[in-house]
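Shown below: data_10.txt, with compact mmCIF, C-alpha atoms.
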# COMPACT_ATOMS: atom_id res chain seq x y z
CA MET S 1 42.03 -182.63 171.57
CA SER S 2 39.12 -184.78 170.50
CA GLN S 3 36.87 -183.75 167.64
CA GLN S 4 33.88 -183.21 169.91
CA SER S 5 35.71 -180.78 172.17
CA SER S 6 37.35 -178.63 169.53
CA PRO S 7 35.87 -175.14 169.49
CA SER S 8 36.17 -174.92 165.75
CA SER S 9 34.16 -178.14 165.23
CA SER S 10 30.96 -176.65 166.57
CA PRO S 11 28.50 -175.29 164.04
CA ALA S 12 27.57 -172.70 166.61
CA ALA S 13 31.02 -171.16 166.53
CA ALA S 14 31.39 -167.46 165.94
CA PRO S 15 29.63 -166.15 162.87
CA GLN S 16 31.48 -166.00 159.59
CA GLY S 17 33.90 -163.12 159.44
CA THR S 18 34.23 -162.72 163.20
CA ALA S 19 36.64 -165.55 164.02
CA LYS S 20 39.75 -163.37 163.74
CA SER S 21 38.49 -160.28 165.52
CA PRO S 22 35.29 -161.05 167.43
CA THR S 23 33.34 -158.24 169.05
CA TYR S 24 30.71 -158.16 171.78
CA ARG S 25 28.07 -157.67 169.09
CA SER S 26 29.22 -160.69 167.08
CA ILE S 27 29.32 -162.82 170.22
CA LEU S 28 25.74 -161.88 171.11
CA ALA S 29 24.76 -162.75 167.52
CA VAL S 30 25.45 -166.44 168.28
CA PRO S 31 21.94 -167.76 169.15
CA GLU S 32 23.01 -170.35 171.73
CA PHE S 33 25.29 -167.94 173.55
CA ARG S 34 22.50 -165.36 173.58
CA VAL S 35 20.27 -167.90 175.31
CA MET S 36 23.02 -168.65 177.83
CA PHE S 37 23.51 -164.91 178.38
CA LEU S 38 19.80 -164.30 179.06
CA ALA S 39 19.59 -167.37 181.30
CA GLN S 40 22.51 -165.98 183.29
CA ILE S 41 20.62 -162.73 183.88
CA VAL S 42 17.51 -164.54 185.08
CA ALA S 43 19.42 -166.96 187.33
CA THR S 44 21.60 -164.22 188.84
CA LEU S 45 18.53 -162.16 189.71
CA GLY S 46 17.03 -165.25 191.33
CA ASN S 47 20.18 -165.95 193.29
CA ALA S 48 20.48 -162.36 194.56
CA THR S 49 16.81 -162.34 195.56
CA THR S 50 17.30 -165.63 197.41
CA GLN S 51 20.33 -164.37 199.34
CA ILE S 52 18.80 -161.11 200.51
CA THR S 53 15.42 -162.68 201.31
CA LEU S 54 16.96 -165.52 203.27
CA SER S 55 19.19 -163.10 205.16
CA VAL S 56 16.12 -161.07 206.20
CA VAL S 57 14.13 -164.19 207.13
CA VAL S 58 16.92 -165.59 209.32
CA TYR S 59 17.41 -162.24 211.08
CA GLU S 60 13.68 -161.75 211.68
CA ARG S 61 13.38 -165.18 213.24
CA THR S 62 16.59 -165.23 215.28
CA ARG S 63 17.53 -161.54 215.73
CA SER S 64 21.10 -162.78 215.28
CA PRO S 65 23.40 -160.70 213.03
CA LEU S 66 25.84 -163.63 212.95
CA LEU S 67 23.29 -166.11 211.62
CA SER S 68 22.02 -163.52 209.15
CA SER S 69 25.53 -162.94 207.78
CA LEU S 70 26.05 -166.70 207.56
CA THR S 71 23.38 -166.82 204.85
CA PHE S 72 25.88 -165.02 202.62
CA ALA S 73 28.97 -166.91 203.80
CA LEU S 74 27.38 -170.36 203.44
CA GLY S 75 26.72 -169.66 199.78
CA PHE S 76 30.50 -169.80 199.19
CA ALA S 77 31.56 -172.37 201.79
CA PRO S 78 30.70 -175.51 199.72
CA TYR S 79 32.73 -174.40 196.68
CA LEU S 80 35.72 -176.46 197.80
CA PHE S 81 33.55 -179.55 198.29
CA GLY S 82 31.80 -179.19 194.94
CA ALA S 83 35.02 -178.59 193.02
CA THR S 84 36.90 -181.44 194.71
CA PHE S 85 34.29 -184.19 194.65
CA LEU S 86 31.94 -183.25 191.79
CA SER S 87 34.13 -181.56 189.15
CA ALA S 88 34.14 -184.68 186.94
CA VAL S 89 30.44 -184.14 186.27
CA ALA S 90 31.34 -181.22 183.97
CA ASP S 91 33.35 -183.53 181.66
CA ARG S 92 31.54 -186.87 182.11
CA TYR S 93 28.14 -185.64 180.94
CA SER S 94 26.87 -183.30 178.25
CA SER S 95 27.35 -179.70 179.34
CA ARG S 96 23.74 -178.86 178.55
CA ASP S 97 22.51 -181.68 180.79
CA VAL S 98 24.75 -180.53 183.64
CA LEU S 99 23.63 -176.90 183.31
CA VAL S 100 19.95 -177.83 183.22
CA VAL S 101 20.16 -180.23 186.18
CA CYS S 102 22.05 -177.65 188.27
CA GLN S 103 19.35 -175.06 187.60
CA VAL S 104 16.59 -177.57 188.37
CA VAL S 105 18.28 -178.45 191.69
CA SER S 106 18.55 -174.73 192.49
CA CYS S 107 14.89 -174.24 191.57
CA ALA S 108 13.84 -177.08 193.88
CA ALA S 109 16.08 -175.95 196.76
CA VAL S 110 14.80 -172.37 196.68
CA GLY S 111 11.23 -173.63 196.32
CA LEU S 112 11.66 -175.66 199.51
CA MET S 113 13.05 -172.56 201.24
CA ALA S 114 9.72 -170.88 200.54
CA VAL S 115 7.84 -173.38 202.74
CA PRO S 116 6.41 -171.24 205.58
CA SER S 117 8.07 -171.73 208.98
CA ALA S 118 10.78 -174.00 207.59
CA PRO S 119 13.36 -174.52 210.40
CA ILE S 120 16.46 -172.34 210.20
CA PRO S 121 18.83 -175.38 210.03
CA VAL S 122 16.85 -176.65 207.02
CA LEU S 123 17.12 -173.27 205.31
CA LEU S 124 20.88 -173.19 205.85
CA LEU S 125 21.21 -176.78 204.62
CA LEU S 126 19.35 -175.89 201.43
CA LEU S 127 21.70 -172.92 201.03
CA LEU S 128 24.62 -175.35 201.22
CA VAL S 129 23.02 -177.31 198.38
CA LEU S 130 22.99 -174.15 196.25
CA GLY S 131 26.65 -173.53 197.05
CA THR S 132 27.60 -177.12 196.19
CA VAL S 133 26.10 -177.11 192.69
CA ALA S 134 27.34 -173.58 191.91
CA PRO S 135 30.98 -174.49 191.01
CA VAL S 136 29.79 -177.44 188.94
CA PHE S 137 27.42 -175.17 187.02
CA GLN S 138 30.05 -172.48 186.51
CA GLY S 139 32.68 -174.99 185.42
CA ALA S 140 30.35 -176.70 182.95
CA ARG S 141 29.22 -173.36 181.54
CA ALA S 142 32.79 -172.10 181.07
CA ALA S 143 33.80 -175.42 179.50
CA SER S 144 30.91 -175.26 177.04
CA LEU S 145 31.76 -171.79 175.73
CA PRO S 146 34.53 -172.94 173.33
CA ASP S 147 31.93 -175.24 171.76
CA LEU S 148 29.79 -172.18 171.03
CA LEU S 149 32.41 -169.51 170.33
CA SER S 150 35.51 -170.15 168.23
CA GLY S 151 38.98 -168.76 168.81
CA ALA S 152 39.20 -165.57 170.87
CA GLY S 153 35.39 -165.41 171.03
CA TYR S 154 35.66 -167.51 174.20
CA VAL S 155 37.34 -164.63 176.02
CA LEU S 156 34.67 -162.12 175.07
CA GLY S 157 31.96 -164.62 175.99
CA ARG S 158 33.48 -165.03 179.45
CA SER S 159 33.80 -161.25 179.67
CA LEU S 160 30.11 -160.72 178.90
CA LEU S 161 29.08 -163.30 181.50
CA ARG S 162 31.30 -161.58 184.08
CA LEU S 163 29.81 -158.21 183.23
CA VAL S 164 26.25 -159.46 183.50
CA SER S 165 27.01 -161.24 186.78
CA GLN S 166 28.48 -158.09 188.34
CA SER S 167 25.79 -155.69 187.19
CA THR S 168 22.84 -158.06 187.57
CA GLN S 169 23.91 -159.05 191.07
CA ILE S 170 23.96 -155.40 192.17
CA ILE S 171 20.57 -154.81 190.55
CA GLY S 172 19.31 -158.06 192.04
CA PHE S 173 20.19 -157.06 195.59
CA ALA S 174 18.44 -153.73 195.10
CA ALA S 175 15.43 -155.37 193.44
CA GLY S 176 15.28 -157.98 196.19
CA GLY S 177 15.07 -155.26 198.81
CA VAL S 178 12.23 -153.58 196.90
CA LEU S 179 10.41 -156.90 196.42
CA LEU S 180 10.38 -157.49 200.15
CA ILE S 181 8.44 -154.25 200.54
CA VAL S 182 5.56 -155.47 198.36
CA LEU S 183 5.90 -159.27 198.71
CA THR S 184 6.17 -161.67 201.61
CA SER S 185 9.40 -163.63 202.00
CA THR S 186 7.60 -166.75 200.79
CA GLN S 187 6.44 -164.99 197.63
CA ALA S 188 9.91 -163.57 196.99
CA LEU S 189 11.52 -167.01 197.33
CA LEU S 190 8.90 -168.56 195.05
CA LEU S 191 9.65 -165.87 192.48
CA ALA S 192 13.37 -166.64 192.74
CA SER S 193 12.61 -170.35 192.36
CA VAL S 194 10.65 -169.60 189.19
CA GLY S 195 13.68 -167.66 187.92
CA PHE S 196 15.90 -170.74 188.24
CA GLY S 197 13.20 -172.82 186.55
CA VAL S 198 12.95 -170.39 183.64
CA ALA S 199 16.74 -170.45 183.25
CA ALA S 200 16.64 -174.27 183.15
CA LEU S 201 13.98 -174.22 180.41
CA MET S 202 15.92 -171.65 178.38
CA LEU S 203 19.07 -173.78 178.51
CA ARG S 204 17.18 -177.01 177.79
CA PHE S 205 15.37 -175.77 174.69
CA GLY S 206 17.72 -173.00 173.55
CA THR S 207 21.03 -174.89 173.35
CA ARG S 208 22.16 -178.10 171.65
CA ARG S 209 23.10 -181.27 173.49
CA LEU S 210 26.75 -181.91 172.59
CA PRO S 211 28.60 -185.14 173.50
CA ALA S 212 30.50 -185.34 176.76
CA ARG S 213 34.19 -184.41 176.55
CA GLN S 214 35.28 -187.46 178.57
CA GLY S 215 34.83 -191.01 177.31
CA PRO S 216 33.03 -193.76 179.27
CA ASP S 217 34.31 -194.06 182.84
CA ARG S 218 33.21 -196.78 185.25
CA SER S 219 34.73 -195.12 188.30
CA SER S 220 32.57 -193.09 190.65
CA VAL S 221 32.15 -189.35 190.14
CA THR S 222 34.03 -188.71 193.38
CA ARG S 223 37.00 -190.86 192.39
CA SER S 224 37.07 -189.40 188.89
CA SER S 225 36.90 -185.88 190.34
CA LEU S 226 39.77 -186.49 192.76
CA SER S 227 41.81 -188.03 189.94
CA GLY S 228 40.93 -185.06 187.75
CA VAL S 229 42.19 -182.60 190.37
CA ARG S 230 45.56 -184.36 190.34
CA GLN S 231 45.61 -184.41 186.54
CA VAL S 232 44.75 -180.71 186.30
CA PHE S 233 47.62 -179.72 188.58
CA ALA S 234 49.96 -182.01 186.62
CA VAL S 235 49.29 -180.28 183.27
CA PRO S 236 52.54 -178.55 182.19
CA GLY S 237 52.32 -174.79 182.53
CA LEU S 238 48.83 -174.75 184.06
CA ARG S 239 49.75 -174.38 187.74
CA PRO S 240 51.30 -170.87 187.42
CA LEU S 241 48.27 -169.81 185.40
CA LEU S 242 45.94 -171.03 188.15
CA LEU S 243 48.03 -169.26 190.77
CA PHE S 244 47.86 -166.05 188.75
CA THR S 245 44.08 -166.52 188.48
CA TRP S 246 43.61 -166.94 192.24
CA LEU S 247 46.24 -164.79 193.96
CA PRO S 248 45.37 -161.24 192.78
CA PRO S 249 41.61 -161.50 193.59
CA THR S 250 42.48 -162.91 197.03
CA LEU S 251 44.50 -159.81 197.92
CA VAL S 252 42.62 -157.12 196.01
CA VAL S 253 39.42 -157.61 198.06
CA ALA S 254 41.02 -155.85 201.06
CA PRO S 255 39.50 -152.41 200.23
CA GLU S 256 36.06 -153.98 199.84
CA ALA S 257 36.39 -155.97 203.06
CA LEU S 258 37.37 -152.83 204.99
CA ALA S 259 35.15 -150.30 203.19
CA ALA S 260 32.87 -149.74 206.17
CA THR S 261 35.82 -149.44 208.54
CA TYR S 262 37.66 -147.00 206.30
CA ALA S 263 34.51 -144.93 205.71
CA ASP S 264 33.98 -144.70 209.45
CA ARG S 265 37.56 -143.52 209.89
CA LEU S 266 36.85 -140.75 207.38
CA GLY S 267 33.73 -139.77 209.30
CA GLY S 268 31.45 -140.90 206.48
CA GLY S 269 28.35 -143.03 206.72
CA SER S 270 26.60 -145.48 204.43
CA THR S 271 27.07 -143.19 201.41
CA ALA S 272 30.84 -143.21 201.83
CA THR S 273 30.80 -146.98 202.29
CA GLY S 274 28.74 -147.37 199.13
CA LEU S 275 31.16 -145.24 197.12
CA LEU S 276 34.13 -147.28 198.28
CA LEU S 277 32.33 -150.58 197.63
CA GLY S 278 31.20 -149.59 194.14
CA ALA S 279 34.41 -147.93 192.92
CA ALA S 280 36.43 -151.02 191.97
CA PRO S 281 33.49 -152.87 190.35
CA ALA S 282 32.73 -149.73 188.33
CA GLY S 283 36.35 -149.59 187.18
CA SER S 284 36.29 -153.27 186.25
CA VAL S 285 33.16 -152.86 184.13
CA ILE S 286 34.68 -149.85 182.33
CA GLY S 287 38.00 -151.62 181.81
CA GLU S 288 36.43 -154.82 180.53
CA ILE S 289 34.23 -153.00 178.04
CA LEU S 290 37.16 -150.91 176.77
CA ALA S 291 39.48 -153.90 176.49
CA GLY S 292 36.85 -156.02 174.78
CA THR S 293 36.05 -153.21 172.34
CA LEU S 294 39.43 -151.61 171.61
CA LEU S 295 42.06 -154.33 172.12
CA ARG S 296 42.79 -157.22 169.79
CA PRO S 297 43.09 -160.73 171.32
CA GLY S 298 46.88 -160.77 171.21
CA ALA S 299 47.11 -157.40 172.95
CA ARG S 300 44.82 -158.57 175.77
CA VAL S 301 47.07 -161.56 176.37
CA ARG S 302 50.26 -159.48 176.28
CA LEU S 303 48.78 -157.02 178.79
CA VAL S 304 48.04 -159.66 181.44
CA LEU S 305 51.09 -158.71 183.53
CA PRO S 306 50.80 -154.88 183.23
CA LEU S 307 47.09 -154.99 184.03
CA GLY S 308 47.74 -157.33 186.95
CA CYS S 309 50.18 -154.76 188.34
CA LEU S 310 47.66 -151.96 187.74
CA MET S 311 45.32 -153.58 190.25
CA PHE S 312 47.76 -153.12 193.10
CA VAL S 313 49.71 -149.94 192.35
CA PRO S 314 46.79 -147.68 193.42
CA LEU S 315 46.52 -149.58 196.72
CA LEU S 316 50.07 -148.53 197.62
CA PHE S 317 48.88 -144.91 197.93
CA PHE S 318 46.58 -145.89 200.81
CA VAL S 319 49.66 -145.69 203.02
CA PHE S 320 48.92 -141.92 203.00
CA ALA S 321 45.34 -142.52 204.23
CA PRO S 322 43.65 -140.65 201.33
CA GLY S 323 40.30 -138.92 201.74
CA LEU S 324 37.03 -140.20 200.31
CA VAL S 325 37.32 -138.71 196.81
CA PRO S 326 40.96 -139.70 196.13
CA ALA S 327 40.36 -143.13 197.70
CA THR S 328 37.37 -143.68 195.43
CA LEU S 329 39.35 -142.64 192.34
CA LEU S 330 42.24 -144.91 193.32
CA LEU S 331 39.86 -147.85 193.60
CA VAL S 332 38.34 -147.08 190.19
CA VAL S 333 41.85 -147.29 188.70
CA CYS S 334 42.41 -150.49 190.67
CA GLY S 335 39.26 -151.93 189.08
CA LEU S 336 40.58 -151.19 185.60
CA GLY S 337 43.30 -153.75 186.28
CA PHE S 338 40.75 -156.53 186.74
CA THR S 339 40.75 -156.70 182.95
CA TYR S 340 43.87 -158.90 183.25
CA ALA S 341 41.42 -161.80 183.54
CA MET S 342 40.48 -161.53 179.86
CA GLY S 343 43.96 -162.41 178.61
CA LEU S 344 44.42 -164.97 181.37
CA ASP S 345 41.18 -166.73 180.42
CA GLN S 346 42.64 -167.38 176.97
CA ARG S 347 45.89 -168.71 178.40
CA VAL S 348 44.10 -171.09 180.77
CA LEU S 349 41.98 -172.42 177.92
CA ASP S 350 45.05 -172.88 175.69
CA ALA S 351 46.89 -174.78 178.42
CA THR S 352 44.03 -177.14 179.29
CA PRO S 353 43.53 -180.46 177.43
CA GLY S 354 39.99 -180.76 176.06
CA GLU S 355 39.15 -183.87 178.10
CA LEU S 356 39.99 -182.00 181.34
CA ARG S 357 38.39 -178.69 180.40
CA GLY S 358 35.30 -179.02 182.59
CA ARG S 359 37.23 -180.13 185.68
CA ALA S 360 39.95 -177.52 185.19
CA LEU S 361 37.48 -174.64 184.85
CA THR S 362 35.39 -175.91 187.77
CA ILE S 363 38.52 -175.92 189.93
CA THR S 364 39.48 -172.49 188.58
CA MET S 365 36.11 -170.95 189.49
CA ALA S 366 36.03 -172.61 192.91
CA GLY S 367 39.57 -171.46 193.74
CA LEU S 368 38.62 -167.93 192.74
CA MET S 369 35.61 -167.86 195.08
CA ILE S 370 37.44 -169.56 197.96
CA GLY S 371 40.40 -167.20 197.59
CA GLN S 372 38.16 -164.16 197.82
CA GLY S 373 36.53 -165.55 200.94
CA VAL S 374 39.95 -166.09 202.51
CA GLY S 375 40.96 -162.58 201.45
CA PHE S 376 37.93 -161.05 203.16
CA ALA S 377 38.64 -162.95 206.37
CA ALA S 378 42.38 -162.16 206.33
CA ALA S 379 41.82 -158.44 205.74
CA GLY S 380 39.29 -158.25 208.56
CA ALA S 381 41.53 -160.16 210.96
CA THR S 382 44.56 -158.01 210.14
CA ALA S 383 42.51 -154.84 210.65
CA GLU S 384 42.05 -155.89 214.28
CA PHE S 385 45.71 -155.00 214.80
CA LEU S 386 46.49 -152.39 212.11
CA PRO S 387 44.64 -149.34 210.73
CA ALA S 388 42.50 -150.12 207.69
CA HIS S 389 44.53 -147.91 205.33
CA LEU S 390 47.75 -149.76 206.22
CA VAL S 391 46.07 -153.13 205.66
CA VAL S 392 45.00 -151.99 202.19
CA ALA S 393 48.49 -150.69 201.42
CA GLY S 394 50.00 -153.95 202.68
CA ALA S 395 47.68 -155.91 200.41
CA GLY S 396 48.95 -153.74 197.56
CA VAL S 397 52.58 -154.59 198.36
CA LEU S 398 51.88 -158.32 198.63
CA GLY S 399 49.71 -158.33 195.52
CA LEU S 400 52.24 -156.46 193.42
CA ALA S 401 55.00 -158.82 194.52
CA GLY S 402 52.81 -161.83 193.77
CA VAL S 403 51.92 -160.56 190.31
CA VAL S 404 55.58 -159.95 189.46
CA VAL S 405 56.58 -163.44 190.68
CA CYS S 406 53.78 -165.06 188.65
CA GLY S 407 54.68 -162.86 185.68
CA VAL S 408 58.19 -164.30 185.54
CA ARG S 409 56.63 -167.62 184.55
CA LEU S 410 54.13 -166.00 182.21
CA SER S 411 56.37 -163.54 180.36
CA PRO S 412 56.89 -164.03 176.61
CA HIS S 413 60.41 -165.31 177.31
CA GLY S 414 59.52 -167.33 180.42
CA ARG S 415 59.63 -171.09 180.68
CA THR S 416 55.95 -171.64 179.95
CA GLY S 417 56.42 -170.56 176.33
CA ARG S 418 55.08 -167.71 174.24
CA PHE S 419 51.87 -165.88 174.82
CA SER S 420 48.93 -167.21 172.87
CA THR S 421 47.19 -164.85 170.50
CA GLY S 422 43.79 -166.36 170.93
CA ASN S 423 44.06 -169.51 168.82
CA THR S 424 42.57 -172.23 170.95
CA ASP S 425 44.25 -174.94 168.88
CA ALA S 426 47.78 -173.61 169.47
CA PRO S 427 50.02 -176.21 171.14
CA ALA S 428 52.50 -173.76 172.68
CA GLU S 429 50.88 -173.83 176.13
CA ARG S 430 51.10 -177.63 176.27
CA SER S 431 54.88 -177.69 176.13
CA PRO S 432 56.72 -178.76 179.29
CA SER S 433 57.54 -175.95 181.65

How does the structure come out when it is put into structure tokens?
Amino acid sequence: MSQQSSPSSSPAAAPQGTAKSPTYRSILAVPEFRVMFLAQIVATLGNATTQITLSVVVYERTRSPLLSSLTFALGFAPYLFGATFLSAVADRYSSRDVLVVCQVVSCAAVGLMAVPSAPIPVLLLLLLVLGTVAPVFQGARAASLPDLLSGAGYVLGRSLLRLVSQSTQIIGFAAGGVLLIVLTSTQALLLASVGFGVAALMLRFGTRRLPARQGPDRSSVTRSSLSGVRQVFAVPGLRPLLLFTWLPPTLVVAPEALAATYADRLGGGSTATGLLLGAAPAGSVIGEILAGTLLRPGARVRLVLPLGCLMFVPLLFFVFAPGLVPATLLLVVCGLGFTYAMGLDQRVLDATPGELRGRALTITMAGLMIGQGVGFAAAGATAEFLPAHLVVAGAGVLGLAGVVVCGVRLSPHGRTGRFSTGNTDAPAERSPS
């Protein structure tokens, strides 16, 4: 790993005395991470406001539920394109520059959406622009964290950003709905655009400009990105880690995808749907906070497999078609298992060469989003032929089997080597599988 990409080489690494056992408080004490954390809140609120406002605008103009729902789907559709053809940007240029430019592009795109009477195709095209820069932004941000947080601090930093994304997005959707009561759609979109602009300014003046991880490269960004995709999948031991990152979220979204259908089967309305939709995210927030507070880095890594199984065991009980209260409790327990991502984040970082870090994490984030989209579609399609509770139980069976298969490669005695304990300089994950 080059000097410039080593987490321990950054003066903004975790504060003295926290390198061995970092806490959420010590992570937030790092000034540059605190800026990134606050910028994430502002940008997420802007993104949620944009999505709900655009959905309302498209429906009001077209009266088409399909086109209105597309405003949500199109936000995820370009992830594959961005990760495949633009991932090299995260390594070729300074992370701060990439983050700022992505936020500026988002600011401009949302600002153009606010133009009164903008044609619907133009609005959807601008939404595609947002979706294209999103994986590049997320990959560059994840790749920059080891430069700010040393050792196992990276995992807690990622955890905090996940927590703020989940909670802020929920608040953002609610706030967006309230804003549309007192503001016009144009004003709401302009406010969201300002949010992206503020986030860009915070990142520009609140973080340092570190050198790019990749040396000079005369090839095009597209060619370098395609080459990087091949290199990422050729890294020894990284492919099973990526599979373990993508597979569980793809299958565990079945209860969320079928929440309205299952609530209707129980004779419940929007309240029942809301309980089912919020149960797993609530469990994940609780689990992540507990794991980040109570577990040491090595324990989080060792618990990757058990926590991965915990996600799917509760889904097996849906074969009995549980009522609203037991179903909600089962999904809360399911959400606790999402904490497996904390240990897996460390393993992915350990297995990734520094010069490929940006591309690898861009691909990781894009695969995660694409997998969830596929999971939503597959669950909905399967529910056309089977009752919703059996689809959820089936997802539990497939997910549990997938976790066990992946766990064979990731066990302490498996072929990919020993579990890391949070030392980002450990070479164990680079050994041939």

*asked:* Let me make sure I understand: among S:Leu290, S:Ala118, S:Ala272, S:Ala279, which one has the smallest atom-to-atom distance to Thr23 (chain S) if we use all atoms listed in the file?
replied: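 The closest residue to Thr23 (chain S) is S:Leu290.
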
For region 139-141 of chain S, list every protein, DNA or RNA residue within 7 Å, evaluated using all atoms listed in the file, and leave out those in the same chain fewer than 6 positions away; present the list as a CSV table (one decimal) with C-alpha atoms, in the frame of the given file.
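part19.csv, written as the output of this step:
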chain,number,residue,atom,x,y,z
S,90,ALA,CA,31.3,-181.2,184.0
S,95,SER,CA,27.4,-179.7,179.3
S,98,VAL,CA,24.8,-180.5,183.6
S,99,LEU,CA,23.6,-176.9,183.3
S,358,GLY,CA,35.3,-179.0,182.6
S,359,ARG,CA,37.2,-180.1,185.7
S,361,LEU,CA,37.5,-174.6,184.8
S,362,THR,CA,35.4,-175.9,187.8
S,365,MET,CA,36.1,-171.0,189.5

*Counting all atoms listed in the file, what is within 7 Å of region 380-397 of chain S, bar same-chain residues fewer than 5 positions away, as number ranges by chain?*
S: 251-252, 254-255, 257-258, 261-262, 312-313, 315-319, 321

Box in all listed atoms of region 35-52 of chain S, axis-aligned, with 5 Å more on each side; write out centre and edge lengths in Å to one decimal as lines of an AutoDock Vina configuration file.
center_x = 20.2
center_y = -164.9
center_z = 187.9
size_x = 16.7
size_y = 17.5
size_z = 35.2

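For Gln103 (chain S), the set of protein, DNA and RNA residues having any atom at most 7 Å away, when counting only C-alpha atoms and skipping those fewer than 3 positions along the same chain, is Leu99, Val100, Ser106, Cys107, Phe196, Gly197, Ala199 and Ala200 of chain S.
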
*Distance query 10 Å from (33.3, -149.3, 201.8) using all atoms listed in the file, result as a ChimeraX atom specification*: /S:255-264,268-279,324,328

*Out of S:Val235, S:Pro326, S:Arg61, S:Leu247, which residue has the shortest atom-to-atom distance to Gly407 (chain S) when counting all atoms listed in the file?*
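Residue with the minimum atom-to-atom distance to Gly407 (chain S): S:Leu247.
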
*For CA of Leu295 (chain S) and CA of Pro249 (chain S), the interatomic separation in Å (one decimal)*: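 Going from CA of Leu295 (chain S) over to CA of Pro249 (chain S) covers 22.6 Å.
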
*asked:* Rounded to one decimal, what separation in Å do you get between CA of Leu112 (chain S) and CA of Val198 (chain S)?
replied: 16.8 Å

*How far is it from CA of Pro121 (chain S) to CA of Leu183 (chain S), in Å with one decimal?*
23.6 Å
